[in-house]
Amino acid sequence: MVPWLIIIVASLIVILGIVMVVISYKNKGKTKKGPDYYTFFIMGLIWLPIGIIQMITGGSSIFLIIGIVFVGVGLSHKKDWKKNHVSFSQLPESKRKLGIGLIIGLSVLFLLGVIFYFLSSS
């Protein structure tokens, strides 16, 4: 890998870690909600086909294992699905704006990555 790419990725990981620490200290006194098992189930359904495709093409089986674990955890707590699940329309306005901003920001980063990949390969 290119050395500057490793430095950029390492820097992003450090920045993300700092942000997570700051957020966890901000939310220290607030009441904690339990996990959303419905989301675990959906994440498992997303990882399963990715893992199957990767296994068929000769890759690792880690994504399949992750998918099976998430589906299993979600299904084993099916009675708790409605307890902590909040749909996007039920979120407060500030969290909806944050979610939309994150989706747009990550999409832009993805597009920039694709553009730089094709520019560097040509």
# chains A, B, ... in the order shown; residues from 1 in each chain; ligands from 1
call {"tool": "residues_around", "arguments": {"residues": "Ile50 (chain A)", "least_positions_apart": "4", "cutoff": "9 Å", "atoms": "only C-alpha atoms", "output": "list in words"}}
result
Ile46, Gln54, Met55, Phe63, Leu64 and Gly67 of chain A
call {"tool": "closest_atom_pairs", "arguments": {"of": "region 19-117 of chain A", "to": "region 9-14 of chain A", "cutoff": "12 Å", "atoms": "only C-alpha atoms", "output": "CSV"}}
result
residue,atom,partner,partner_atom,distance
A:Val19,CA,A:Val14,CA,8.7
A:Met20,CA,A:Val14,CA,9.9
A:Val21,CA,A:Val14,CA,10.6
call {"tool": "write_last_selection", "arguments": {"atoms": "N, CA and C atoms", "output": "tab-separated table (two decimals), in the first residue's frame"}}
result
chain	number	residue	atom	x	y	z
A	19	VAL	N	-13.54	11.18	18.54
A	19	VAL	CA	-14.95	11.58	18.49
A	19	VAL	C	-15.80	10.64	19.34
A	20	MET	N	-15.54	9.33	19.25
A	20	MET	CA	-16.32	8.37	20.03
A	20	MET	C	-16.10	8.56	21.53
A	21	VAL	N	-14.87	8.87	21.95
A	21	VAL	CA	-14.59	9.10	23.37
A	21	VAL	C	-15.33	10.34	23.85
call {"tool": "residues_around", "arguments": {"residues": "region 69-79 of chain A", "least_positions_apart": "5", "cutoff": "8 Å", "atoms": "only C-alpha atoms", "output": "VMD selection string"}}
result
chain A and resid 37 to 45
call {"tool": "atom_distance", "arguments": {"atom1": "CA of Lys33 (chain A)", "atom2": "CA of Lys83 (chain A)"}}
result
9.6 Å
call {"tool": "atom_distance", "arguments": {"atom1": "CA of Ile100 (chain A)", "atom2": "CA of Phe88 (chain A)"}}
result
10.2 Å
call {"tool": "select_by_dssp", "arguments": {"residues": "region 52-107 of chain A", "states": "helix (DSSP H, G or I)", "output": "NGL selection string"}}
result
:A and (52-56 or 62-76 or 78-84 or 88-90 or 93-107)
call {"tool": "write_last_selection", "arguments": {"atoms": "N, CA and C atoms", "output": "compact mmCIF listing (two decimals), in the first residue's frame"}}
result
# COMPACT_ATOMS: atom_id res chain seq x y z
N ILE A 52 -21.92 -15.08 1.46
CA ILE A 52 -22.10 -16.21 0.53
C ILE A 52 -21.37 -15.94 -0.78
N ILE A 53 -21.51 -14.73 -1.29
CA ILE A 53 -20.83 -14.38 -2.54
C ILE A 53 -19.32 -14.44 -2.37
N GLN A 54 -18.84 -13.96 -1.23
CA GLN A 54 -17.39 -13.98 -1.01
C GLN A 54 -16.88 -15.42 -0.88
N MET A 55 -17.65 -16.29 -0.25
CA MET A 55 -17.22 -17.69 -0.13
C MET A 55 -17.21 -18.37 -1.50
N ILE A 56 -18.21 -18.07 -2.33
CA ILE A 56 -18.29 -18.69 -3.66
C ILE A 56 -17.08 -18.27 -4.51
N ILE A 62 -15.67 -14.84 6.78
CA ILE A 62 -15.94 -14.00 7.95
C ILE A 62 -17.26 -13.25 7.83
N PHE A 63 -17.60 -12.77 6.64
CA PHE A 63 -18.84 -12.02 6.48
C PHE A 63 -20.05 -12.93 6.65
N LEU A 64 -19.94 -14.17 6.21
CA LEU A 64 -21.02 -15.14 6.40
C LEU A 64 -21.20 -15.43 7.89
N ILE A 65 -20.11 -15.59 8.61
CA ILE A 65 -20.18 -15.85 10.05
C ILE A 65 -20.80 -14.66 10.77
N ILE A 66 -20.38 -13.44 10.40
CA ILE A 66 -20.94 -12.23 11.01
C ILE A 66 -22.44 -12.17 10.74
N GLY A 67 -22.84 -12.45 9.51
CA GLY A 67 -24.27 -12.43 9.16
C GLY A 67 -25.06 -13.44 9.95
N ILE A 68 -24.54 -14.66 10.10
CA ILE A 68 -25.24 -15.69 10.87
C ILE A 68 -25.37 -15.27 12.33
N VAL A 69 -24.32 -14.69 12.89
CA VAL A 69 -24.37 -14.26 14.29
C VAL A 69 -25.41 -13.15 14.47
N PHE A 70 -25.41 -12.16 13.59
CA PHE A 70 -26.37 -11.06 13.71
C PHE A 70 -27.81 -11.55 13.54
N VAL A 71 -28.04 -12.42 12.57
CA VAL A 71 -29.39 -12.96 12.38
C VAL A 71 -29.80 -13.77 13.60
N GLY A 72 -28.88 -14.57 14.13
CA GLY A 72 -29.18 -15.37 15.31
C GLY A 72 -29.51 -14.52 16.53
N VAL A 73 -28.71 -13.49 16.76
CA VAL A 73 -28.97 -12.60 17.90
C VAL A 73 -30.31 -11.89 17.72
N GLY A 74 -30.58 -11.41 16.51
CA GLY A 74 -31.84 -10.73 16.25
C GLY A 74 -33.04 -11.63 16.42
N LEU A 75 -32.96 -12.83 15.90
CA LEU A 75 -34.09 -13.77 16.01
C LEU A 75 -34.27 -14.29 17.43
N SER A 76 -33.20 -14.45 18.17
CA SER A 76 -33.33 -14.95 19.53
C SER A 76 -33.99 -13.94 20.46
N LYS A 78 -36.50 -11.81 19.34
CA LYS A 78 -37.58 -11.29 18.50
C LYS A 78 -38.68 -10.62 19.33
N LYS A 79 -38.90 -11.09 20.54
CA LYS A 79 -39.93 -10.50 21.38
C LYS A 79 -39.58 -9.06 21.80
N ASP A 80 -38.30 -8.70 21.71
CA ASP A 80 -37.85 -7.36 22.09
C ASP A 80 -37.72 -6.40 20.91
N TRP A 81 -38.15 -6.82 19.73
CA TRP A 81 -37.97 -5.98 18.54
C TRP A 81 -38.65 -4.63 18.68
N LYS A 82 -39.85 -4.59 19.20
CA LYS A 82 -40.59 -3.32 19.26
C LYS A 82 -40.20 -2.47 20.46
N LYS A 83 -39.47 -3.06 21.40
CA LYS A 83 -39.14 -2.33 22.62
C LYS A 83 -38.22 -1.14 22.36
N ASN A 84 -37.15 -1.34 21.62
CA ASN A 84 -36.15 -0.29 21.42
C ASN A 84 -36.04 0.19 19.99
N PHE A 88 -36.93 5.90 11.31
CA PHE A 88 -36.32 7.19 10.96
C PHE A 88 -37.31 8.33 11.13
N SER A 89 -38.58 8.10 10.82
CA SER A 89 -39.58 9.17 10.92
C SER A 89 -39.91 9.50 12.38
N GLN A 90 -39.60 8.60 13.31
CA GLN A 90 -39.88 8.85 14.72
C GLN A 90 -38.73 9.56 15.44
N GLU A 93 -35.90 15.82 15.13
CA GLU A 93 -35.43 16.54 13.94
C GLU A 93 -33.91 16.63 13.90
N SER A 94 -33.28 16.87 15.05
CA SER A 94 -31.82 17.01 15.07
C SER A 94 -31.13 15.70 14.67
N LYS A 95 -31.65 14.58 15.14
CA LYS A 95 -31.04 13.29 14.79
C LYS A 95 -31.30 12.93 13.33
N ARG A 96 -32.47 13.32 12.81
CA ARG A 96 -32.73 13.07 11.39
C ARG A 96 -31.76 13.86 10.52
N LYS A 97 -31.53 15.12 10.88
CA LYS A 97 -30.58 15.95 10.12
C LYS A 97 -29.18 15.36 10.21
N LEU A 98 -28.79 14.87 11.40
CA LEU A 98 -27.48 14.24 11.55
C LEU A 98 -27.38 13.00 10.68
N GLY A 99 -28.42 12.19 10.65
CA GLY A 99 -28.42 10.98 9.82
C GLY A 99 -28.30 11.29 8.35
N ILE A 100 -29.06 12.28 7.91
CA ILE A 100 -29.01 12.68 6.50
C ILE A 100 -27.62 13.25 6.16
N GLY A 101 -27.07 14.04 7.08
CA GLY A 101 -25.73 14.59 6.86
C GLY A 101 -24.68 13.50 6.78
N LEU A 102 -24.79 12.49 7.64
CA LEU A 102 -23.84 11.38 7.60
C LEU A 102 -23.97 10.59 6.30
N ILE A 103 -25.19 10.35 5.85
CA ILE A 103 -25.38 9.62 4.60
C ILE A 103 -24.78 10.40 3.43
N ILE A 104 -25.03 11.70 3.39
CA ILE A 104 -24.49 12.52 2.31
C ILE A 104 -22.97 12.57 2.39
N GLY A 105 -22.43 12.77 3.60
CA GLY A 105 -20.98 12.84 3.76
C GLY A 105 -20.28 11.55 3.37
N LEU A 106 -20.83 10.41 3.80
CA LEU A 106 -20.22 9.14 3.46
C LEU A 106 -20.36 8.84 1.97
N SER A 107 -21.45 9.27 1.37
CA SER A 107 -21.61 9.08 -0.08
C SER A 107 -20.58 9.89 -0.85
call {"tool": "decode", "arguments": {"residues": "region 79-98 of chain A", "atoms": "C-alpha atoms", "output": "mmCIF file, in the first residue's frame"}}
result
data_model
loop_
_atom_site.group_PDB
_atom_site.id
_atom_site.type_symbol
_atom_site.label_atom_id
_atom_site.label_comp_id
_atom_site.auth_asym_id
_atom_site.auth_seq_id
_atom_site.Cartn_x
_atom_site.Cartn_y
_atom_site.Cartn_z
ATOM 1 C CA LYS A 79 -39.930 -10.496 21.383
ATOM 2 C CA ASP A 80 -37.850 -7.358 22.092
ATOM 3 C CA TRP A 81 -37.971 -5.978 18.539
ATOM 4 C CA LYS A 82 -40.593 -3.319 19.263
ATOM 5 C CA LYS A 83 -39.144 -2.329 22.622
ATOM 6 C CA ASN A 84 -36.146 -0.287 21.424
ATOM 7 C CA HIS A 85 -36.751 0.035 17.685
ATOM 8 C CA VAL A 86 -37.228 3.600 16.430
ATOM 9 C CA SER A 87 -37.916 4.269 12.771
ATOM 10 C CA PHE A 88 -36.320 7.191 10.959
ATOM 11 C CA SER A 89 -39.581 9.167 10.925
ATOM 12 C CA GLN A 90 -39.882 8.849 14.724
ATOM 13 C CA LEU A 91 -36.455 10.370 15.385
ATOM 14 C CA PRO A 92 -36.163 13.960 16.631
ATOM 15 C CA GLU A 93 -35.431 16.536 13.937
ATOM 16 C CA SER A 94 -31.823 17.013 15.073
ATOM 17 C CA LYS A 95 -31.036 13.290 14.790
ATOM 18 C CA ARG A 96 -32.727 13.071 11.391
ATOM 19 C CA LYS A 97 -30.585 15.948 10.125
ATOM 20 C CA LEU A 98 -27.478 14.242 11.552
#
